[in-house]
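Source file: my_file.cif (mmCIF, C-alpha atoms)
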```cif
data_run
loop_
_atom_site.group_PDB
_atom_site.id
_atom_site.type_symbol
_atom_site.label_atom_id
_atom_site.label_comp_id
_atom_site.auth_asym_id
_atom_site.auth_seq_id
_atom_site.Cartn_x
_atom_site.Cartn_y
_atom_site.Cartn_z
ATOM 1 C CA MET A 30 -16.305 -6.477 -13.139
ATOM 2 C CA ASP A 31 -16.024 -3.922 -10.332
ATOM 3 C CA VAL A 32 -16.689 -5.247 -6.841
ATOM 4 C CA VAL A 33 -18.176 -1.876 -5.811
ATOM 5 C CA ARG A 34 -19.875 0.590 -8.105
ATOM 6 C CA CYS A 35 -21.881 3.690 -7.266
ATOM 7 C CA ALA A 36 -23.641 5.883 -9.810
ATOM 8 C CA GLY A 37 -25.180 9.175 -8.758
ATOM 9 C CA LEU A 38 -25.532 7.930 -5.179
ATOM 10 C CA THR A 39 -27.340 10.557 -3.102
ATOM 11 C CA LYS A 40 -28.541 10.769 0.489
ATOM 12 C CA ARG A 41 -30.420 13.646 2.088
ATOM 13 C CA TYR A 42 -31.528 14.321 5.633
ATOM 14 C CA GLY A 43 -34.157 17.038 5.469
ATOM 15 C CA SER A 44 -32.689 19.956 3.555
ATOM 16 C CA THR A 45 -29.099 18.706 4.006
ATOM 17 C CA THR A 46 -27.509 16.644 1.230
ATOM 18 C CA VAL A 47 -25.000 14.334 2.902
ATOM 19 C CA VAL A 48 -23.931 12.393 -0.207
ATOM 20 C CA ASP A 49 -24.327 14.218 -3.496
ATOM 21 C CA ARG A 50 -24.420 12.271 -6.802
ATOM 22 C CA LEU A 51 -21.403 10.152 -5.936
ATOM 23 C CA ASP A 52 -19.766 7.996 -8.611
ATOM 24 C CA LEU A 53 -17.304 5.459 -7.200
ATOM 25 C CA SER A 54 -15.803 2.100 -8.102
ATOM 26 C CA VAL A 55 -13.458 -0.463 -6.542
ATOM 27 C CA ALA A 56 -11.941 -3.282 -8.596
ATOM 28 C CA PRO A 57 -10.867 -6.734 -7.364
ATOM 29 C CA GLY A 58 -7.481 -6.559 -5.646
ATOM 30 C CA GLU A 59 -7.621 -2.768 -5.371
ATOM 31 C CA ILE A 60 -7.294 -0.692 -2.197
ATOM 32 C CA VAL A 61 -9.165 2.580 -2.547
ATOM 33 C CA GLY A 62 -8.770 5.250 0.119
ATOM 34 C CA PHE A 63 -11.882 7.242 0.983
ATOM 35 C CA LEU A 64 -10.706 10.626 2.216
ATOM 36 C CA GLY A 65 -12.666 13.581 3.549
ATOM 37 C CA ARG A 66 -13.279 15.802 6.516
ATOM 38 C CA ASN A 67 -15.707 14.934 9.308
ATOM 39 C CA GLY A 68 -19.224 15.054 7.901
ATOM 40 C CA ALA A 69 -18.048 14.711 4.301
ATOM 41 C CA GLY A 70 -20.326 11.713 3.703
ATOM 42 C CA LYS A 71 -17.879 8.805 3.984
ATOM 43 C CA THR A 72 -19.635 6.771 6.673
ATOM 44 C CA THR A 73 -23.049 7.420 5.118
ATOM 45 C CA THR A 74 -21.748 6.032 1.815
ATOM 46 C CA LEU A 75 -20.428 2.885 3.486
ATOM 47 C CA ARG A 76 -23.744 2.377 5.284
ATOM 48 C CA MET A 77 -25.630 2.700 1.991
ATOM 49 C CA LEU A 78 -23.355 0.101 0.388
ATOM 50 C CA LEU A 79 -24.230 -2.313 3.203
ATOM 51 C CA GLY A 80 -27.940 -1.658 2.756
ATOM 52 C CA LEU A 81 -28.231 -0.190 6.257
ATOM 53 C CA ILE A 82 -29.774 3.004 4.891
ATOM 54 C CA ARG A 83 -31.449 3.657 1.564
ATOM 55 C CA PRO A 84 -30.267 6.294 -0.901
ATOM 56 C CA ASP A 85 -32.637 9.029 -2.027
ATOM 57 C CA ALA A 86 -31.288 8.872 -5.571
ATOM 58 C CA GLY A 87 -28.755 6.956 -7.607
ATOM 59 C CA SER A 88 -27.731 3.318 -7.340
ATOM 60 C CA ALA A 89 -25.020 1.075 -5.922
ATOM 61 C CA TRP A 90 -23.920 -2.435 -6.859
ATOM 62 C CA LEU A 91 -21.864 -5.085 -5.033
ATOM 63 C CA PHE A 92 -20.381 -7.812 -7.231
ATOM 64 C CA GLY A 93 -22.718 -6.659 -9.991
ATOM 65 C CA ASP A 94 -25.914 -6.984 -7.928
ATOM 66 C CA PRO A 95 -27.963 -3.910 -6.986
ATOM 67 C CA VAL A 96 -27.884 -2.909 -3.322
ATOM 68 C CA PRO A 97 -29.542 -4.042 -1.087
ATOM 69 C CA CYS A 98 -28.304 -7.540 -1.907
ATOM 70 C CA PRO A 99 -28.369 -9.642 1.303
ATOM 71 C CA ASP A 100 -27.179 -12.742 -0.557
ATOM 72 C CA ARG A 101 -23.891 -10.955 -1.240
ATOM 73 C CA LEU A 102 -23.233 -9.807 2.349
ATOM 74 C CA PRO A 103 -21.454 -13.021 3.487
ATOM 75 C CA ALA A 104 -18.673 -12.051 1.056
ATOM 76 C CA VAL A 105 -18.400 -8.581 2.649
ATOM 77 C CA GLY A 106 -16.394 -7.776 5.775
ATOM 78 C CA ALA A 107 -17.288 -4.454 7.353
ATOM 79 C CA MET A 108 -16.040 -2.261 10.173
ATOM 80 C CA ILE A 109 -18.205 0.850 10.395
ATOM 81 C CA GLU A 110 -17.382 3.442 13.070
ATOM 82 C CA GLU A 111 -15.993 2.132 16.378
ATOM 83 C CA PRO A 112 -16.719 -1.602 16.733
ATOM 84 C CA ALA A 113 -18.975 -2.709 19.601
ATOM 85 C CA PHE A 114 -18.436 -5.944 21.520
ATOM 86 C CA TYR A 115 -19.564 -7.638 24.709
ATOM 87 C CA PRO A 116 -17.045 -6.249 27.241
ATOM 88 C CA TRP A 117 -17.391 -9.157 29.696
ATOM 89 C CA LEU A 118 -16.510 -11.739 27.027
ATOM 90 C CA THR A 119 -13.055 -12.530 25.669
ATOM 91 C CA GLY A 120 -11.973 -11.687 22.154
ATOM 92 C CA THR A 121 -12.417 -15.316 21.115
ATOM 93 C CA ALA A 122 -15.878 -15.515 22.691
ATOM 94 C CA ASN A 123 -17.021 -12.356 20.912
ATOM 95 C CA LEU A 124 -15.965 -13.763 17.549
ATOM 96 C CA THR A 125 -17.668 -17.055 18.424
ATOM 97 C CA VAL A 126 -20.947 -15.182 18.907
ATOM 98 C CA LEU A 127 -20.499 -13.549 15.491
ATOM 99 C CA ALA A 128 -19.616 -16.881 13.875
ATOM 100 C CA ASP A 129 -22.738 -18.513 15.327
ATOM 101 C CA THR A 130 -25.098 -15.788 14.064
ATOM 102 C CA GLY A 131 -24.278 -16.014 10.376
ATOM 103 C CA PRO A 132 -23.285 -18.482 7.671
ATOM 104 C CA PRO A 133 -21.023 -21.332 8.846
ATOM 105 C CA VAL A 134 -17.299 -20.664 9.082
ATOM 106 C CA PRO A 135 -14.368 -23.124 8.962
ATOM 107 C CA ALA A 136 -13.223 -24.577 12.285
ATOM 108 C CA ASP A 137 -10.055 -22.465 12.317
ATOM 109 C CA ALA A 138 -11.713 -19.229 11.158
ATOM 110 C CA ILE A 139 -11.691 -17.500 14.561
ATOM 111 C CA THR A 140 -8.070 -18.360 15.328
ATOM 112 C CA ARG A 141 -6.995 -17.320 11.836
ATOM 113 C CA ALA A 142 -8.859 -14.001 12.006
ATOM 114 C CA LEU A 143 -7.337 -13.138 15.404
ATOM 115 C CA GLU A 144 -3.857 -13.972 14.143
ATOM 116 C CA ARG A 145 -4.253 -11.867 10.998
ATOM 117 C CA ALA A 146 -5.457 -8.933 13.099
ATOM 118 C CA GLY A 147 -2.461 -9.281 15.457
ATOM 119 C CA LEU A 148 -4.615 -10.188 18.469
ATOM 120 C CA ALA A 149 -3.737 -13.853 19.038
ATOM 121 C CA GLU A 150 -1.962 -13.243 22.363
ATOM 122 C CA ALA A 151 -4.927 -11.337 23.834
ATOM 123 C CA ALA A 152 -7.611 -13.649 22.442
ATOM 124 C CA GLY A 153 -8.400 -15.095 25.880
ATOM 125 C CA THR A 154 -8.590 -11.716 27.634
ATOM 126 C CA LYS A 155 -11.884 -9.946 28.370
ATOM 127 C CA VAL A 156 -12.598 -7.103 25.970
ATOM 128 C CA LYS A 157 -13.270 -4.664 28.845
ATOM 129 C CA THR A 158 -9.507 -4.646 29.467
ATOM 130 C CA TYR A 159 -8.631 -3.910 25.823
ATOM 131 C CA SER A 160 -7.098 -0.613 24.753
ATOM 132 C CA GLN A 161 -8.643 1.308 21.859
ATOM 133 C CA GLY A 162 -6.062 -0.163 19.510
ATOM 134 C CA MET A 163 -6.879 -3.692 20.655
ATOM 135 C CA ARG A 164 -10.597 -3.081 20.115
ATOM 136 C CA GLN A 165 -9.806 -1.875 16.611
ATOM 137 C CA ARG A 166 -7.838 -5.063 16.012
ATOM 138 C CA LEU A 167 -10.799 -7.117 17.223
ATOM 139 C CA GLY A 168 -13.039 -5.176 14.849
ATOM 140 C CA LEU A 169 -10.701 -6.023 11.988
ATOM 141 C CA ALA A 170 -10.696 -9.679 13.062
ATOM 142 C CA ALA A 171 -14.506 -9.656 12.982
ATOM 143 C CA ALA A 172 -14.443 -8.190 9.467
ATOM 144 C CA LEU A 173 -12.022 -10.923 8.349
ATOM 145 C CA LEU A 174 -13.960 -13.790 9.935
ATOM 146 C CA ARG A 175 -15.537 -15.082 6.720
ATOM 147 C CA GLU A 176 -12.620 -14.483 4.331
ATOM 148 C CA PRO A 177 -14.367 -11.560 2.602
ATOM 149 C CA ARG A 178 -13.912 -10.660 -1.032
ATOM 150 C CA LEU A 179 -14.757 -7.055 -0.133
ATOM 151 C CA LEU A 180 -13.740 -5.058 2.947
ATOM 152 C CA LEU A 181 -15.500 -1.811 3.882
ATOM 153 C CA LEU A 182 -13.450 -0.207 6.650
ATOM 154 C CA ASP A 183 -14.272 3.030 8.459
ATOM 155 C CA GLU A 184 -11.274 4.499 10.330
ATOM 156 C CA PRO A 185 -9.889 1.026 11.128
ATOM 157 C CA ALA A 186 -6.411 2.183 12.189
ATOM 158 C CA ASN A 187 -7.519 4.501 15.017
ATOM 159 C CA GLY A 188 -5.551 3.818 18.174
ATOM 160 C CA LEU A 189 -2.964 1.547 16.561
ATOM 161 C CA ASP A 190 0.652 2.068 17.544
ATOM 162 C CA PRO A 191 3.418 2.177 14.880
ATOM 163 C CA PRO A 192 4.033 -1.612 14.905
ATOM 164 C CA GLY A 193 0.283 -2.132 14.709
ATOM 165 C CA LEU A 194 0.023 0.218 11.738
ATOM 166 C CA ARG A 195 2.732 -1.718 9.941
ATOM 167 C CA GLU A 196 0.966 -5.030 10.595
ATOM 168 C CA PHE A 197 -2.293 -3.453 9.473
ATOM 169 C CA ARG A 198 -0.726 -2.369 6.164
ATOM 170 C CA GLU A 199 0.758 -5.812 5.616
ATOM 171 C CA THR A 200 -2.565 -7.509 6.342
ATOM 172 C CA LEU A 201 -4.504 -5.351 3.898
ATOM 173 C CA ARG A 202 -1.843 -5.671 1.219
ATOM 174 C CA GLY A 203 -1.956 -9.441 1.617
ATOM 175 C CA LEU A 204 -5.735 -9.460 1.243
ATOM 176 C CA ALA A 205 -5.586 -7.263 -1.838
ATOM 177 C CA GLY A 206 -2.855 -9.455 -3.276
ATOM 178 C CA ALA A 207 -5.221 -12.413 -2.922
ATOM 179 C CA GLY A 208 -7.893 -10.537 -4.873
ATOM 180 C CA SER A 209 -10.020 -8.863 -2.194
ATOM 181 C CA ALA A 210 -11.291 -5.355 -2.891
ATOM 182 C CA ILE A 211 -10.898 -2.817 -0.064
ATOM 183 C CA LEU A 212 -12.596 0.545 0.447
ATOM 184 C CA LEU A 213 -10.829 2.255 3.322
ATOM 185 C CA SER A 214 -12.030 5.439 4.999
ATOM 186 C CA SER A 215 -9.370 7.110 7.132
ATOM 187 C CA HIS A 216 -8.094 10.412 8.464
ATOM 188 C CA LEU A 217 -4.534 9.019 8.649
ATOM 189 C CA LEU A 218 -3.241 10.571 5.450
ATOM 190 C CA GLY A 219 0.192 8.999 5.781
ATOM 191 C CA GLU A 220 -1.380 5.556 5.921
ATOM 192 C CA LEU A 221 -3.523 6.176 2.841
ATOM 193 C CA ASP A 222 -0.440 7.492 1.066
ATOM 194 C CA GLN A 223 1.466 4.274 1.759
ATOM 195 C CA ILE A 224 -1.190 1.647 1.241
ATOM 196 C CA CYS A 225 -3.744 2.798 -1.339
ATOM 197 C CA ASP A 226 -3.765 2.282 -5.083
ATOM 198 C CA ARG A 227 -6.128 5.237 -5.438
ATOM 199 C CA VAL A 228 -7.456 7.899 -3.108
ATOM 200 C CA VAL A 229 -10.920 9.397 -3.627
ATOM 201 C CA LEU A 230 -11.463 12.807 -2.043
ATOM 202 C CA ILE A 231 -15.029 13.618 -0.992
ATOM 203 C CA ASP A 232 -16.119 16.950 0.442
ATOM 204 C CA GLY A 233 -19.638 18.125 1.197
ATOM 205 C CA GLY A 234 -20.869 14.786 -0.094
ATOM 206 C CA ARG A 235 -19.371 15.409 -3.541
ATOM 207 C CA LEU A 236 -16.457 13.698 -5.217
ATOM 208 C CA ILE A 237 -13.781 16.376 -5.595
ATOM 209 C CA ALA A 238 -10.893 14.437 -7.097
ATOM 210 C CA THR A 239 -9.273 11.025 -7.506
ATOM 211 C CA VAL A 240 -5.528 10.504 -7.433
ATOM 212 C CA ARG A 241 -2.916 7.789 -7.276
ATOM 213 C CA PRO A 242 -0.616 8.762 -4.366
ATOM 214 C CA GLY A 243 2.560 8.266 -6.406
ATOM 215 C CA GLU A 244 1.265 10.531 -9.170
ATOM 216 C CA LEU A 245 0.456 13.714 -7.246
ATOM 217 C CA PRO A 246 1.384 16.773 -9.317
ATOM 218 C CA ALA A 247 4.471 18.584 -8.103
ATOM 219 C CA PRO A 248 3.958 22.063 -6.652
ATOM 220 C CA ARG A 249 6.036 25.053 -7.650
ATOM 221 C CA SER A 250 9.410 24.784 -5.881
ATOM 222 C CA THR A 251 11.281 27.605 -4.185
ATOM 223 C CA ILE A 252 14.228 26.913 -6.474
ATOM 224 C CA THR A 253 13.618 25.414 -9.884
ATOM 225 C CA VAL A 254 16.574 24.124 -11.892
ATOM 226 C CA ARG A 255 16.056 23.066 -15.474
ATOM 227 C CA SER A 256 19.061 21.094 -16.604
ATOM 228 C CA ALA A 257 19.782 17.702 -18.081
ATOM 229 C CA ASP A 258 23.216 17.829 -16.438
ATOM 230 C CA ARG A 259 22.758 17.255 -12.701
ATOM 231 C CA ASP A 260 26.459 17.773 -11.906
ATOM 232 C CA ARG A 261 26.564 21.098 -13.708
ATOM 233 C CA ALA A 262 23.385 22.247 -11.970
ATOM 234 C CA THR A 263 24.871 21.339 -8.588
ATOM 235 C CA SER A 264 28.075 23.224 -9.419
ATOM 236 C CA LEU A 265 26.160 26.365 -10.429
ATOM 237 C CA LEU A 266 24.157 26.312 -7.211
ATOM 238 C CA ALA A 267 27.290 25.751 -5.155
ATOM 239 C CA ALA A 268 28.935 28.729 -6.870
ATOM 240 C CA ASP A 269 26.122 30.875 -5.451
ATOM 241 C CA GLY A 270 26.673 29.467 -1.988
ATOM 242 C CA ILE A 271 23.725 27.065 -2.096
ATOM 243 C CA GLU A 272 24.541 23.659 -0.622
ATOM 244 C CA VAL A 273 22.769 20.832 -2.419
ATOM 245 C CA LYS A 274 22.127 17.729 -0.342
ATOM 246 C CA ALA A 275 19.619 16.118 -2.697
ATOM 247 C CA MET A 276 18.117 16.865 -6.071
ATOM 248 C CA GLY A 277 14.990 15.548 -7.707
ATOM 249 C CA PRO A 278 11.403 16.404 -8.515
ATOM 250 C CA GLU A 279 9.454 17.403 -5.445
ATOM 251 C CA ARG A 280 6.457 15.244 -4.620
ATOM 252 C CA PRO A 281 3.789 16.755 -2.369
ATOM 253 C CA SER A 282 2.255 14.781 0.448
ATOM 254 C CA LEU A 283 -1.302 13.518 0.394
ATOM 255 C CA GLU A 284 -1.952 16.008 3.196
ATOM 256 C CA ASP A 285 -0.863 18.916 0.965
ATOM 257 C CA TRP A 286 -3.160 17.690 -1.802
ATOM 258 C CA PHE A 287 -6.133 17.231 0.535
ATOM 259 C CA ILE A 288 -5.839 20.655 2.164
ATOM 260 C CA THR A 289 -5.286 22.471 -1.126
ATOM 261 C CA LEU A 290 -8.339 20.960 -2.805
ATOM 262 C CA THR A 291 -10.702 21.277 0.145
ATOM 263 C CA GLU A 292 -9.646 24.902 0.725
ATOM 264 C CA LYS A 293 -10.321 25.652 -2.958
ATOM 265 C CA ASP A 294 -13.749 24.073 -2.616
ATOM 266 C CA ASP A 295 -14.491 26.208 0.461
ATOM 267 C CA HIS A 296 -13.611 29.369 -1.417
ATOM 268 C CA ALA A 297 -15.654 28.348 -4.444
ATOM 269 C CA SER A 298 -18.764 27.630 -2.392
ATOM 270 C CA ALA A 299 -18.505 30.574 -0.007
ATOM 271 C CA PRO A 300 -21.331 33.122 -0.282
ATOM 272 C CA ARG A 301 -20.451 36.408 -1.930
#
```
Conversion result in structure tokens:
Amino acid sequence: MDVVRCAGLTKRYGSTTVVDRLDLSVAPGEIVGFLGRNGAGKTTTLRMLLGLIRPDAGSAWLFGDPVPCPDRLPAVGAMIEEPAFYPWLTGTANLTVLADTGPPVPADAITRALERAGLAEAAGTKVKTYSQGMRQRLGLAAALLREPRLLLLDEPANGLDPPGLREFRETLRGLAGAGSAILLSSHLLGELDQICDRVVLIDGGRLIATVRPGELPAPRSTITVRSADRDRATSLLAADGIEVKAMGPERPSLEDWFITLTEKDDHASAPR
């Protein structure tokens, strides 16, 4: 059973359709990247899944139950937009407030969440002194507080430095390996490329395409060599003065794929 499922999910504000008949699913243990430009409908979709706003059409389910399903929310960890905390409290104190306002958590839950988010050393420091990256880490710790079976994350890696990004990837991979489902909205295409099992591209509220990063179709190369004999192909190129340093099928980046498809969509929808 899918942890997340959307069918025809639609949200309008006045005459503007923000999410347009969206079909989406996330399976247990799967990391799905949610990719799109600003205003594409990503955050609105996540807010509908949490029951924070109601769709105008279509349906969504969490763990098989129709949204809104408040009984299922303790199993969901969410980080929507930039997390907000009490700046005069420490990281530990902020998580204590969150722990006290919901279902009970194990005694070591706060310490464990801070460690998994890479914030253990700054746990006793007031949040007003935190950098953006540290606040993002605290937001991730808050989302992990109750050992969620589903994570809904909206731009969670903003402000993280390269070591932080690596730790972030390792944390999410560990969660997915333990069976948690993760829906991850991000503009960091390189991160989605490295961490996601699938990437869903949304533009203008509509699902444009779904791809597995390792299976992106290869674009037309400047030089195409069709030969089963790599050594002979290299020799022929060298005879024409072309130095070959590496040979293999070219794989485009997720960025190439995103720009190509969204530009095509712009051209298709432009008025004539």
- Residue members of the PyMOL selection byres ((chain A and resi 68-75) around 7) in the file shown, as a PyMOL selection string: chain A and resi 47-48+63+65-67+76-79+181+183+214+231-234
- Query: Quick one: of A:Gly131, A:Ala151, A:Gly62, A:Gly168, who's nearest to Phe114 (chain A), counting all atoms listed in the file?
  - Reply: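 When distances to Phe114 (chain A) are compared using all atoms listed in the file, the smallest one comes from A:Gly168.
Picture a line from CA of Arg101 (chain A) to CA of Gly80 (chain A); it runs 10.9 Å.
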- Find the residue from A:Ala170, A:Ile224, A:Ile237, A:Leu213 that sits nearest to Leu194 (chain A); use all atoms listed in the file when measuring.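 Between A:Ala170, A:Ile224, A:Ile237, A:Leu213, the residue approaching Leu194 (chain A) most closely is A:Ile224.
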Would you kindly translate the PyMOL selection byres ((chain A and resi 153) around 8) into the concrete residues it picks from this file, as a compact mmCIF listing (two decimals) with C-alpha atoms, keeping the file's coordinate frame?
```txt
# COMPACT_ATOMS: atom_id res chain seq x y z
CA THR A 119 -13.06 -12.53 25.67
CA GLY A 120 -11.97 -11.69 22.15
CA THR A 121 -12.42 -15.32 21.12
CA GLU A 150 -1.96 -13.24 22.36
CA ALA A 151 -4.93 -11.34 23.83
CA ALA A 152 -7.61 -13.65 22.44
CA THR A 154 -8.59 -11.72 27.63
CA LYS A 155 -11.88 -9.95 28.37
```
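Take CA of Arg235 (chain A) and CA of Leu221 (chain A): the distance between them is 19.4 Å.
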- Message: Between CA of Leu102 (chain A) and CA of Pro132 (chain A), what distance in Å does the model show, to one decimal?
- Response: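 These atoms are spaced 10.2 Å apart.
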- Reference answer for the PyMOL selection byres ((chain A and resi 164) around 9), as a ChimeraX atom specification: /A:111-114,120,156,159-163,165-169,188
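Among the candidates A:Pro242, A:Thr158, A:Ile139, A:Asp226, the one nearest to Trp117 (chain A) when counting only C-alpha atoms is A:Thr158.
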- Query: Which is closer to Val229 (chain A) than all the others in A:Glu184, A:Glu244, A:Asp52, A:Asp100, using all atoms listed in the file?
  - Reply: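 Looking only at the distances to Val229 (chain A), the closest residue turns out to be A:Asp52.
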Padding 6 Å on every side, please: axis-aligned box over the listed atoms of region 38-54 of chain A, centre and edge lengths to one decimal in Å, as lines of an AutoDock Vina configuration file.
```
center_x = -25.0
center_y = 11.0
center_z = -1.5
size_x = 30.4
size_y = 29.9
size_z = 26.2
```
- Message: Quick one: residues within 12 Å of region 196-201 of chain A, all atoms listed in the file, excluding same-chain residues fewer than 4 positions away - as a PyMOL selection string?
- Response: chain A and resi 58-61+142-148+162+165-166+169-170+172-173+177-182+185-192+205-213+219-226
Kindly export the residues of the current selection with C-alpha atoms, as a compact mmCIF listing (two decimals), in the coordinates of the input.
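What landed in result_9.txt:
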```txt
# COMPACT_ATOMS: atom_id res chain seq x y z
CA GLY A 58 -7.48 -6.56 -5.65
CA GLU A 59 -7.62 -2.77 -5.37
CA ILE A 60 -7.29 -0.69 -2.20
CA VAL A 61 -9.16 2.58 -2.55
CA ALA A 142 -8.86 -14.00 12.01
CA LEU A 143 -7.34 -13.14 15.40
CA GLU A 144 -3.86 -13.97 14.14
CA ARG A 145 -4.25 -11.87 11.00
CA ALA A 146 -5.46 -8.93 13.10
CA GLY A 147 -2.46 -9.28 15.46
CA LEU A 148 -4.62 -10.19 18.47
CA GLY A 162 -6.06 -0.16 19.51
CA GLN A 165 -9.81 -1.88 16.61
CA ARG A 166 -7.84 -5.06 16.01
CA LEU A 169 -10.70 -6.02 11.99
CA ALA A 170 -10.70 -9.68 13.06
CA ALA A 172 -14.44 -8.19 9.47
CA LEU A 173 -12.02 -10.92 8.35
CA PRO A 177 -14.37 -11.56 2.60
CA ARG A 178 -13.91 -10.66 -1.03
CA LEU A 179 -14.76 -7.06 -0.13
CA LEU A 180 -13.74 -5.06 2.95
CA LEU A 181 -15.50 -1.81 3.88
CA LEU A 182 -13.45 -0.21 6.65
CA PRO A 185 -9.89 1.03 11.13
CA ALA A 186 -6.41 2.18 12.19
CA ASN A 187 -7.52 4.50 15.02
CA GLY A 188 -5.55 3.82 18.17
CA LEU A 189 -2.96 1.55 16.56
CA ASP A 190 0.65 2.07 17.54
CA PRO A 191 3.42 2.18 14.88
CA PRO A 192 4.03 -1.61 14.90
CA ALA A 205 -5.59 -7.26 -1.84
CA GLY A 206 -2.86 -9.46 -3.28
CA ALA A 207 -5.22 -12.41 -2.92
CA GLY A 208 -7.89 -10.54 -4.87
CA SER A 209 -10.02 -8.86 -2.19
CA ALA A 210 -11.29 -5.36 -2.89
CA ILE A 211 -10.90 -2.82 -0.06
CA LEU A 212 -12.60 0.55 0.45
CA LEU A 213 -10.83 2.26 3.32
CA GLY A 219 0.19 9.00 5.78
CA GLU A 220 -1.38 5.56 5.92
CA LEU A 221 -3.52 6.18 2.84
CA ASP A 222 -0.44 7.49 1.07
CA GLN A 223 1.47 4.27 1.76
CA ILE A 224 -1.19 1.65 1.24
CA CYS A 225 -3.74 2.80 -1.34
CA ASP A 226 -3.76 2.28 -5.08
```
- Item | Option closest in space to Phe92 (chain A), from A:His216, A:Lys40, A:Arg34, A:Lys157 [counting all atoms listed in the file] | A:Arg34
